[in-house]
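One file, work02.cif, carrying mmCIF, C-alpha atoms:
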```
data_run
loop_
_atom_site.label_atom_id
_atom_site.label_comp_id
_atom_site.auth_asym_id
_atom_site.auth_seq_id
_atom_site.Cartn_x
_atom_site.Cartn_y
_atom_site.Cartn_z
CA MET V 1 48.00 -3.27 -19.59
CA ILE V 2 44.29 -2.62 -20.03
CA GLN V 3 42.76 0.78 -19.38
CA SER V 4 39.25 1.77 -18.42
CA MET V 5 37.40 4.31 -20.54
CA THR V 6 36.16 5.97 -17.36
CA GLY V 7 38.49 8.75 -16.25
CA TYR V 8 38.92 12.26 -14.91
CA GLY V 9 41.73 14.78 -15.20
CA LYS V 10 42.03 18.42 -14.16
CA SER V 11 44.74 21.04 -14.47
CA VAL V 12 44.80 24.73 -13.51
CA LEU V 13 46.84 27.49 -15.16
CA GLN V 14 47.31 30.76 -13.23
CA LEU V 15 48.03 33.73 -15.49
CA PRO V 16 48.64 37.32 -14.26
CA THR V 17 45.02 38.42 -14.74
CA LYS V 18 43.04 35.17 -14.97
CA LYS V 19 42.87 31.54 -13.92
CA ILE V 20 42.22 28.88 -16.54
CA SER V 21 40.82 25.53 -15.38
CA ILE V 22 40.87 22.55 -17.71
CA GLU V 23 38.78 19.44 -17.02
CA LEU V 24 38.52 16.15 -18.88
CA LYS V 25 35.91 13.50 -18.13
CA SER V 26 35.44 10.27 -20.08
CA LEU V 27 32.95 7.41 -20.19
CA ASN V 28 32.69 4.32 -22.36
CA SER V 29 31.88 4.61 -26.06
CA LYS V 30 32.56 2.51 -29.15
CA ASN V 31 34.62 5.32 -30.70
CA LEU V 32 36.14 8.64 -29.65
CA ASP V 33 33.40 11.22 -29.13
CA VAL V 34 34.67 14.62 -27.91
CA ASN V 35 32.35 17.30 -26.56
CA ALA V 36 34.22 20.60 -26.05
CA ARG V 37 33.03 23.57 -23.99
CA MET V 38 35.01 26.80 -23.82
CA PRO V 39 34.62 30.60 -24.06
CA SER V 40 34.20 31.95 -27.59
CA MET V 41 37.67 33.52 -27.69
CA TYR V 42 39.24 30.05 -27.47
CA ARG V 43 37.12 28.51 -30.24
CA ALA V 44 39.85 29.25 -32.78
CA LYS V 45 41.96 26.62 -31.03
CA GLU V 46 39.23 23.98 -30.77
CA LEU V 47 40.62 21.90 -33.65
CA ASP V 48 44.08 21.89 -32.02
CA ILE V 49 42.52 20.85 -28.71
CA ARG V 50 40.62 17.99 -30.36
CA LYS V 51 43.83 16.79 -32.02
CA LEU V 52 45.62 16.75 -28.66
CA ILE V 53 42.81 14.68 -27.15
CA ALA V 54 42.52 12.29 -30.12
CA LYS V 55 46.27 11.68 -30.09
CA ASN V 56 46.16 10.32 -26.53
CA LEU V 57 42.60 9.12 -25.88
CA THR V 58 41.66 6.73 -28.66
CA ARG V 59 38.19 5.75 -27.43
CA GLY V 60 35.52 7.02 -25.09
CA LYS V 61 32.92 9.74 -24.73
CA VAL V 62 35.12 12.66 -23.63
CA ASP V 63 33.84 15.94 -22.16
CA PHE V 64 36.43 18.72 -22.38
CA SER V 65 35.83 21.95 -20.46
CA LEU V 66 37.91 25.11 -20.34
CA PHE V 67 36.82 27.66 -17.71
CA VAL V 68 38.20 31.18 -17.34
CA GLU V 69 38.06 33.14 -14.08
CA VAL V 70 39.22 36.77 -14.20
CA THR V 71 41.44 37.46 -11.17
CA GLY V 72 42.94 40.82 -12.15
CA GLU V 73 41.91 44.04 -13.83
CA ASP V 74 41.75 42.48 -17.25
CA THR V 75 38.23 42.24 -18.71
CA SER V 76 36.92 42.01 -22.24
CA SER V 77 33.67 43.85 -21.38
CA LYS V 78 33.73 47.65 -21.54
CA ILE V 79 31.06 50.24 -20.69
CA ASN V 80 30.32 52.49 -23.63
CA LYS V 81 30.20 55.77 -21.70
CA THR V 82 29.01 57.89 -24.62
CA VAL V 83 26.08 55.58 -25.31
CA VAL V 84 25.13 55.26 -21.62
CA ASN V 85 25.18 59.03 -21.09
CA GLU V 86 23.01 59.54 -24.15
CA TYR V 87 20.55 56.93 -22.84
CA ILE V 88 20.39 58.71 -19.45
CA LYS V 89 19.79 62.05 -21.18
CA GLN V 90 16.93 60.59 -23.20
CA LEU V 91 15.45 58.83 -20.18
CA LYS V 92 15.38 62.10 -18.24
CA ASP V 93 13.16 63.51 -20.97
CA VAL V 94 10.74 60.62 -20.47
CA VAL V 95 10.66 59.92 -16.72
CA ASP V 96 11.65 61.60 -13.49
CA GLY V 97 14.24 59.73 -11.45
CA ASP V 98 17.60 60.04 -9.82
CA THR V 99 20.74 59.33 -11.81
CA THR V 100 21.38 55.94 -10.17
CA GLU V 101 17.99 54.56 -11.19
CA LEU V 102 18.37 55.93 -14.70
CA LEU V 103 21.84 54.35 -14.92
CA LYS V 104 20.39 50.95 -13.96
CA MET V 105 17.94 51.29 -16.82
CA ALA V 106 20.48 52.60 -19.32
CA ILE V 107 23.05 49.85 -18.69
CA ARG V 108 20.52 47.23 -19.82
CA LEU V 109 19.89 48.87 -23.17
CA PRO V 110 21.59 47.79 -26.45
CA ASP V 111 25.27 48.70 -26.96
CA ALA V 112 25.64 50.03 -23.39
CA VAL V 113 28.26 47.33 -22.82
CA THR V 114 30.59 46.15 -25.55
CA THR V 115 32.72 43.03 -25.55
CA GLU V 116 36.12 43.10 -27.10
CA ARG V 117 37.34 39.83 -28.52
CA ASP V 118 40.93 39.19 -27.57
CA ASP V 119 43.15 37.03 -29.72
CA ILE V 120 45.19 34.32 -28.00
CA ASP V 121 48.87 34.98 -28.46
CA GLU V 122 51.15 32.04 -29.19
CA GLU V 123 52.87 32.22 -25.81
CA GLN V 124 49.57 31.97 -23.94
CA TRP V 125 48.39 29.12 -26.18
CA ASN V 126 51.59 27.15 -25.50
CA LEU V 127 50.94 27.48 -21.77
CA ILE V 128 47.34 26.32 -22.21
CA ALA V 129 48.42 23.41 -24.44
CA ASN V 130 50.85 22.27 -21.73
CA GLU V 131 48.05 22.29 -19.17
CA ILE V 132 45.78 20.34 -21.52
CA ASN V 133 48.52 17.72 -21.85
CA GLU V 134 48.81 17.68 -18.07
CA ALA V 135 45.06 17.04 -17.73
CA ILE V 136 45.31 14.29 -20.38
CA SER V 137 48.20 12.71 -18.46
CA LYS V 138 46.06 12.68 -15.30
CA ILE V 139 43.07 11.12 -17.02
CA ILE V 140 45.32 8.41 -18.49
CA THR V 141 46.66 7.65 -15.00
CA TYR V 142 43.07 7.46 -13.76
CA ARG V 143 42.17 5.09 -16.60
CA LYS V 144 45.14 2.84 -15.82
CA ASP V 145 44.21 2.67 -12.14
CA GLU V 146 40.64 1.73 -13.07
CA GLY V 147 42.03 -0.74 -15.61
CA ALA V 148 44.07 -2.49 -12.92
CA ILE V 149 40.86 -3.08 -10.94
CA LEU V 150 39.10 -4.42 -14.04
CA LYS V 151 42.05 -6.68 -14.86
CA GLN V 152 41.91 -8.29 -11.42
CA ASP V 153 38.18 -8.86 -11.81
CA PHE V 154 38.67 -10.45 -15.26
CA THR V 155 41.50 -12.63 -13.93
CA ASP V 156 39.32 -13.90 -11.08
CA ARG V 157 36.40 -14.67 -13.38
CA ILE V 158 38.53 -16.40 -16.03
CA SER V 159 40.01 -18.54 -13.22
CA LYS V 160 36.48 -19.39 -12.11
CA LEU V 161 35.57 -20.39 -15.67
CA SER V 162 38.66 -22.62 -15.83
CA LEU V 163 37.64 -24.33 -12.59
CA LEU V 164 34.12 -24.89 -13.90
CA LEU V 165 35.54 -26.27 -17.15
CA ASN V 166 37.66 -28.72 -15.16
CA GLU V 167 34.50 -29.85 -13.37
CA VAL V 168 32.86 -30.36 -16.77
CA ILE V 169 35.86 -32.41 -17.95
CA THR V 170 35.81 -34.52 -14.79
CA MET V 171 32.06 -35.07 -15.08
CA ASP V 172 32.03 -35.93 -18.78
CA PRO V 173 32.79 -39.70 -18.53
CA GLU V 174 29.99 -40.02 -15.99
CA ARG V 175 27.66 -38.14 -18.37
CA ILE V 176 28.52 -40.41 -21.32
CA GLU V 177 28.00 -43.48 -19.17
CA GLY V 178 24.63 -42.10 -18.15
CA VAL V 179 23.65 -41.60 -21.78
CA ARG V 180 24.66 -45.19 -22.55
CA ALA V 181 22.71 -46.51 -19.58
CA ARG V 182 19.54 -44.66 -20.57
CA LEU V 183 19.75 -46.01 -24.11
CA GLU V 184 20.30 -49.57 -22.94
CA LYS V 185 17.40 -49.30 -20.52
CA GLY V 186 15.18 -47.94 -23.29
CA ILE V 187 16.03 -50.87 -25.53
CA ALA V 188 15.52 -53.35 -22.69
CA ASP V 189 12.08 -51.90 -21.96
CA LEU V 190 11.05 -52.63 -25.53
CA LYS V 191 11.57 -56.33 -24.81
CA GLU V 192 12.62 -56.85 -28.37
CA LYS V 193 15.52 -58.91 -29.62
CA ILE V 194 18.08 -56.63 -31.24
CA ASP V 195 21.24 -56.97 -33.26
CA GLU V 196 24.03 -56.25 -30.77
CA ASN V 197 26.47 -55.09 -33.45
CA ARG V 198 23.90 -52.74 -34.96
CA PHE V 199 23.01 -51.48 -31.50
CA GLU V 200 26.67 -50.71 -30.75
CA GLN V 201 27.00 -48.80 -34.03
CA GLU V 202 23.90 -46.76 -33.32
CA LEU V 203 25.08 -46.17 -29.75
CA VAL V 204 28.45 -44.87 -30.93
CA TYR V 205 26.72 -42.59 -33.45
CA TYR V 206 24.32 -41.26 -30.83
CA ILE V 207 27.05 -40.65 -28.26
CA GLU V 208 29.20 -38.87 -30.87
CA LYS V 209 26.35 -36.41 -31.38
CA PHE V 210 26.69 -35.48 -27.71
CA ASP V 211 30.48 -35.53 -27.66
CA ILE V 212 31.94 -32.24 -26.35
CA THR V 213 35.65 -33.05 -26.64
CA GLU V 214 36.30 -30.35 -29.26
CA GLU V 215 34.29 -27.76 -27.34
CA LYS V 216 36.26 -28.46 -24.15
CA VAL V 217 39.58 -28.04 -25.97
CA ARG V 218 38.51 -24.88 -27.78
CA LEU V 219 37.08 -23.36 -24.61
CA ASP V 220 40.31 -24.03 -22.75
CA ASN V 221 42.27 -22.39 -25.60
CA HIS V 222 39.97 -19.35 -25.61
CA LEU V 223 40.37 -18.87 -21.85
CA ASP V 224 44.14 -19.05 -22.23
CA TYR V 225 44.05 -16.60 -25.16
CA PHE V 226 41.91 -14.17 -23.15
CA THR V 227 44.46 -14.23 -20.32
CA LYS V 228 47.36 -13.60 -22.73
CA ALA V 229 45.52 -10.68 -24.35
CA LEU V 230 44.71 -9.33 -20.89
CA ASN V 231 48.41 -9.31 -19.98
CA SER V 232 49.63 -7.76 -23.24
CA ASN V 233 51.10 -4.26 -23.38
CA ASP V 234 48.14 -2.89 -25.33
CA SER V 235 44.67 -2.16 -24.03
CA ASN V 236 42.31 -3.64 -26.63
CA GLY V 237 38.79 -3.97 -25.29
CA LYS V 238 37.40 -4.87 -28.72
CA LYS V 239 39.79 -7.83 -29.05
CA LEU V 240 38.86 -9.08 -25.59
CA GLY V 241 35.22 -8.69 -26.57
CA PHE V 242 35.71 -10.91 -29.64
CA ILE V 243 37.42 -13.58 -27.53
CA ALA V 244 34.57 -13.41 -25.01
CA GLN V 245 32.12 -14.06 -27.86
CA GLU V 246 34.05 -17.21 -28.81
CA ILE V 247 34.07 -18.33 -25.17
CA GLY V 248 30.30 -17.88 -25.09
CA ARG V 249 29.85 -19.90 -28.28
CA GLU V 250 31.68 -22.90 -26.80
CA ILE V 251 29.81 -22.67 -23.50
CA ASN V 252 26.47 -22.57 -25.33
CA THR V 253 27.40 -25.62 -27.44
CA ILE V 254 28.42 -27.57 -24.35
CA GLY V 255 25.09 -26.67 -22.77
CA SER V 256 23.07 -27.78 -25.80
CA LYS V 257 24.98 -31.06 -26.15
CA SER V 258 25.31 -32.02 -22.51
CA ASN V 259 21.84 -33.53 -22.01
CA TYR V 260 22.84 -34.00 -18.37
CA ALA V 261 21.38 -31.92 -15.54
CA PRO V 262 24.50 -31.66 -13.32
CA MET V 263 26.57 -30.45 -16.28
CA GLN V 264 23.89 -27.99 -17.34
CA LYS V 265 24.06 -26.45 -13.86
CA LEU V 266 27.79 -25.87 -14.40
CA VAL V 267 27.01 -24.33 -17.80
CA VAL V 268 24.59 -21.89 -16.16
CA GLN V 269 27.33 -20.82 -13.72
CA MET V 270 29.76 -20.38 -16.63
CA LYS V 271 27.26 -18.22 -18.50
CA ASP V 272 26.77 -16.08 -15.41
CA GLU V 273 30.52 -15.46 -15.05
CA LEU V 274 30.89 -14.71 -18.76
CA GLU V 275 27.99 -12.25 -18.71
CA LYS V 276 29.71 -10.28 -15.94
CA ILE V 277 32.93 -10.26 -17.99
CA LYS V 278 31.05 -8.92 -21.05
CA GLU V 279 29.44 -6.15 -19.00
CA GLN V 280 32.83 -5.00 -17.72
CA LEU V 281 34.43 -5.26 -21.17
CA LEU V 282 32.15 -2.47 -22.40
CA ASN V 283 34.25 -0.12 -20.26
CA VAL V 284 37.68 -1.32 -21.47
CA LEU V 285 39.63 0.91 -23.84
#
```

Give the structure from the file, written as structure tokens.
Amino acid sequence: MIQSMTGYGKSVLQLPTKKISIELKSLNSKNLDVNARMPSMYRAKELDIRKLIAKNLTRGKVDFSLFVEVTGEDTSSKINKTVVNEYIKQLKDVVDGDTTELLKMAIRLPDAVTTERDDIDEEQWNLIANEINEAISKIITYRKDEGAILKQDFTDRISKLSLLLNEVITMDPERIEGVRARLEKGIADLKEKIDENRFEQELVYYIEKFDITEEKVRLDNHLDYFTKALNSNDSNGKKLGFIAQEIGREINTIGSKSNYAPMQKLVVQMKDELEKIKEQLLNVL
């Protein structure tokens, strides 16, 4: 089953003194491109986080965010009382002011507030890793839901291409007859006596140059192959893209060989359907 590369997943972990929110967003990309944002204290686990993501999300531009909201009395920032009091004492020697105003000034000065870096214990990391996996699970579900919509669109457009191909097949004898008629009329207009056997040989050669039998067969096979790949267990957007290129090659050859306006109109419609398929394939995992 195909998956879209567009997805979103979120999970929230409530700890005694803080709430950790994990978000994953993904868009289409040729390869896996992970952008991770998190507080500095969690940077030590960034490589582990990237491995978790890479294990489950093989392609896409992925934005990973880890937000921390303090909900209890736990904080890593501490007021350095000794330093602040010394600042206030020095400020009193410089300016007159009440203690509150001097405190506002002192708290902005260097080393008035210190930040203690906490290490993540293994128990807390295991809880966070579980939530990351939960967010990954949600983004995969999102991708599958989007993939189901894409699959239906591809199925409809491949069916439309098959119908147009059938019209081409039905029209082909009429096209060949038209080519023959134009050639015979051209010869007749010359009002020259010709060798009928030689004319037939040249006619067969000329018509063979415009024969699209092989292209029709190959195009039909490519459409069938695309459908089979679409219904496989794996989501392989690159493979579908390669098949779409082959479909386009056959359609272009039919268009260049047709030399028949009604058939060329069908070819234009086929190209339009294929172009829409290619645009959507850019978003398939």

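Atom CA of Ala261 of chain V sits 27.9 Å away from atom CA of Thr155 of chain V.
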
**OP:** Work out how far atom CA of Thr17 of chain V is from atom CA of Lys104 of chain V, in Å to one decimal.
**Re:** 27.6 Å

Original post:
Which value, in Å to one decimal, gives the distance between atom CA of Glu184 of chain V and atom CA of Met171 of chain V?
Top reply: 20.3 Å

Please provide the set of residues having any atom within 8 Å of segment 128-144 of chain V, restricted to only C-alpha atoms, with same-chain residues fewer than 4 positions apart removed, written as a compact mmCIF listing (two decimals) with C-alpha atoms, in the frame of the given file.
```txt
# COMPACT_ATOMS: atom_id res chain seq x y z
CA MET V 1 48.00 -3.27 -19.59
CA ILE V 2 44.29 -2.62 -20.03
CA GLN V 3 42.76 0.78 -19.38
CA SER V 4 39.25 1.77 -18.42
CA MET V 5 37.40 4.31 -20.54
CA THR V 6 36.16 5.97 -17.36
CA GLY V 7 38.49 8.75 -16.25
CA TYR V 8 38.92 12.26 -14.91
CA GLY V 9 41.73 14.78 -15.20
CA LYS V 10 42.03 18.42 -14.16
CA SER V 11 44.74 21.04 -14.47
CA VAL V 12 44.80 24.73 -13.51
CA LEU V 13 46.84 27.49 -15.16
CA ILE V 22 40.87 22.55 -17.71
CA GLU V 23 38.78 19.44 -17.02
CA LEU V 24 38.52 16.15 -18.88
CA LYS V 25 35.91 13.50 -18.13
CA ILE V 49 42.52 20.85 -28.71
CA LEU V 52 45.62 16.75 -28.66
CA ILE V 53 42.81 14.68 -27.15
CA ASN V 56 46.16 10.32 -26.53
CA LEU V 57 42.60 9.12 -25.88
CA GLN V 124 49.57 31.97 -23.94
CA ALA V 148 44.07 -2.49 -12.92
```

**OP:** Evaluate the PyMOL selection byres ((chain V and resi 69) around 6) on the structure here and hand back the selected residues as a VMD selection string.
**Re:** chain V and resid 18 to 19 68 70

Kindly resolve the PyMOL selection byres ((chain V and resi 87) around 10) on the present coordinates and return the residues as a PDB file with C-alpha atoms, in the coordinates of the input.
```
ATOM      1  CA  LYS V  81      30.200  55.770 -21.700  1.00  0.00           C
ATOM      2  CA  THR V  82      29.010  57.890 -24.620  1.00  0.00           C
ATOM      3  CA  VAL V  83      26.080  55.580 -25.310  1.00  0.00           C
ATOM      4  CA  VAL V  84      25.130  55.260 -21.620  1.00  0.00           C
ATOM      5  CA  ASN V  85      25.180  59.030 -21.090  1.00  0.00           C
ATOM      6  CA  GLU V  86      23.010  59.540 -24.150  1.00  0.00           C
ATOM      7  CA  ILE V  88      20.390  58.710 -19.450  1.00  0.00           C
ATOM      8  CA  LYS V  89      19.790  62.050 -21.180  1.00  0.00           C
ATOM      9  CA  GLN V  90      16.930  60.590 -23.200  1.00  0.00           C
ATOM     10  CA  LEU V  91      15.450  58.830 -20.180  1.00  0.00           C
ATOM     11  CA  LYS V  92      15.380  62.100 -18.240  1.00  0.00           C
ATOM     12  CA  LEU V 102      18.370  55.930 -14.700  1.00  0.00           C
ATOM     13  CA  LEU V 103      21.840  54.350 -14.920  1.00  0.00           C
ATOM     14  CA  MET V 105      17.940  51.290 -16.820  1.00  0.00           C
ATOM     15  CA  ALA V 106      20.480  52.600 -19.320  1.00  0.00           C
ATOM     16  CA  ILE V 107      23.050  49.850 -18.690  1.00  0.00           C
ATOM     17  CA  LEU V 109      19.890  48.870 -23.170  1.00  0.00           C
ATOM     18  CA  PRO V 110      21.590  47.790 -26.450  1.00  0.00           C
ATOM     19  CA  ALA V 112      25.640  50.030 -23.390  1.00  0.00           C
TER      20      ALA V 112
END
```

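This file, queried with the PyMOL selection byres ((chain V and resi 61) around 9), gives the residues Met5, Thr6, Lys25, Ser26, Leu27, Asn28, Ser29, Lys30, Asn31, Leu32, Asp33, Val34, Asn35, Arg59, Gly60, Val62 and Asp63 of chain V.
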
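Around the point (38.5, -12.3, -26.2), within 9 Å and counting all atoms listed in the file, we find these residues: V:His222, V:Leu223, V:Tyr225, V:Phe226, V:Thr227, V:Ala229, V:Leu230, V:Gly237, V:Lys238, V:Lys239, V:Leu240, V:Gly241, V:Phe242, V:Ile243, V:Ala244, V:Gln245, V:Glu246, V:Ile247.
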
Restrict the selected residues to C-alpha atoms and save them as a PDB file, in the frame of the given file.
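Below is the file that was written, selection-v8.pdb:
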```
ATOM      1  CA  HIS V 222      39.970 -19.350 -25.610  1.00  0.00           C
ATOM      2  CA  LEU V 223      40.370 -18.870 -21.850  1.00  0.00           C
ATOM      3  CA  TYR V 225      44.050 -16.600 -25.160  1.00  0.00           C
ATOM      4  CA  PHE V 226      41.910 -14.170 -23.150  1.00  0.00           C
ATOM      5  CA  THR V 227      44.460 -14.230 -20.320  1.00  0.00           C
ATOM      6  CA  ALA V 229      45.520 -10.680 -24.350  1.00  0.00           C
ATOM      7  CA  LEU V 230      44.710  -9.330 -20.890  1.00  0.00           C
ATOM      8  CA  GLY V 237      38.790  -3.970 -25.290  1.00  0.00           C
ATOM      9  CA  LYS V 238      37.400  -4.870 -28.720  1.00  0.00           C
ATOM     10  CA  LYS V 239      39.790  -7.830 -29.050  1.00  0.00           C
ATOM     11  CA  LEU V 240      38.860  -9.080 -25.590  1.00  0.00           C
ATOM     12  CA  GLY V 241      35.220  -8.690 -26.570  1.00  0.00           C
ATOM     13  CA  PHE V 242      35.710 -10.910 -29.640  1.00  0.00           C
ATOM     14  CA  ILE V 243      37.420 -13.580 -27.530  1.00  0.00           C
ATOM     15  CA  ALA V 244      34.570 -13.410 -25.010  1.00  0.00           C
ATOM     16  CA  GLN V 245      32.120 -14.060 -27.860  1.00  0.00           C
ATOM     17  CA  GLU V 246      34.050 -17.210 -28.810  1.00  0.00           C
ATOM     18  CA  ILE V 247      34.070 -18.330 -25.170  1.00  0.00           C
TER      19      ILE V 247
END
```

Could you give me the centre and size, in Å to one decimal, of an axis-aligned box around all listed atoms of segment 107-114 of chain V with 4 Å added on every side, as lines of an AutoDock Vina configuration file?
```
center_x = 25.2
center_y = 48.1
center_z = -22.8
size_x = 18.7
size_y = 11.9
size_z = 16.3
```

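Residue nearest Gln280 of chain V, chosen from V:Ser258, V:Thr213, V:Gln152, V:Thr170 and counting all atoms listed in the file: V:Gln152.
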
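Nearest-residue note for Trp125 of chain V: choosing from V:Glu279, V:Ala44, V:Glu215, V:Val284, the minimum distance belongs to V:Ala44, counting only C-alpha atoms.
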
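Of the residues listed (V:Ser235, V:Ile212, V:Asp272, V:Leu285), V:Ile212 shows the shortest atom-to-atom separation from Asn259 of chain V; distances use all atoms listed in the file.
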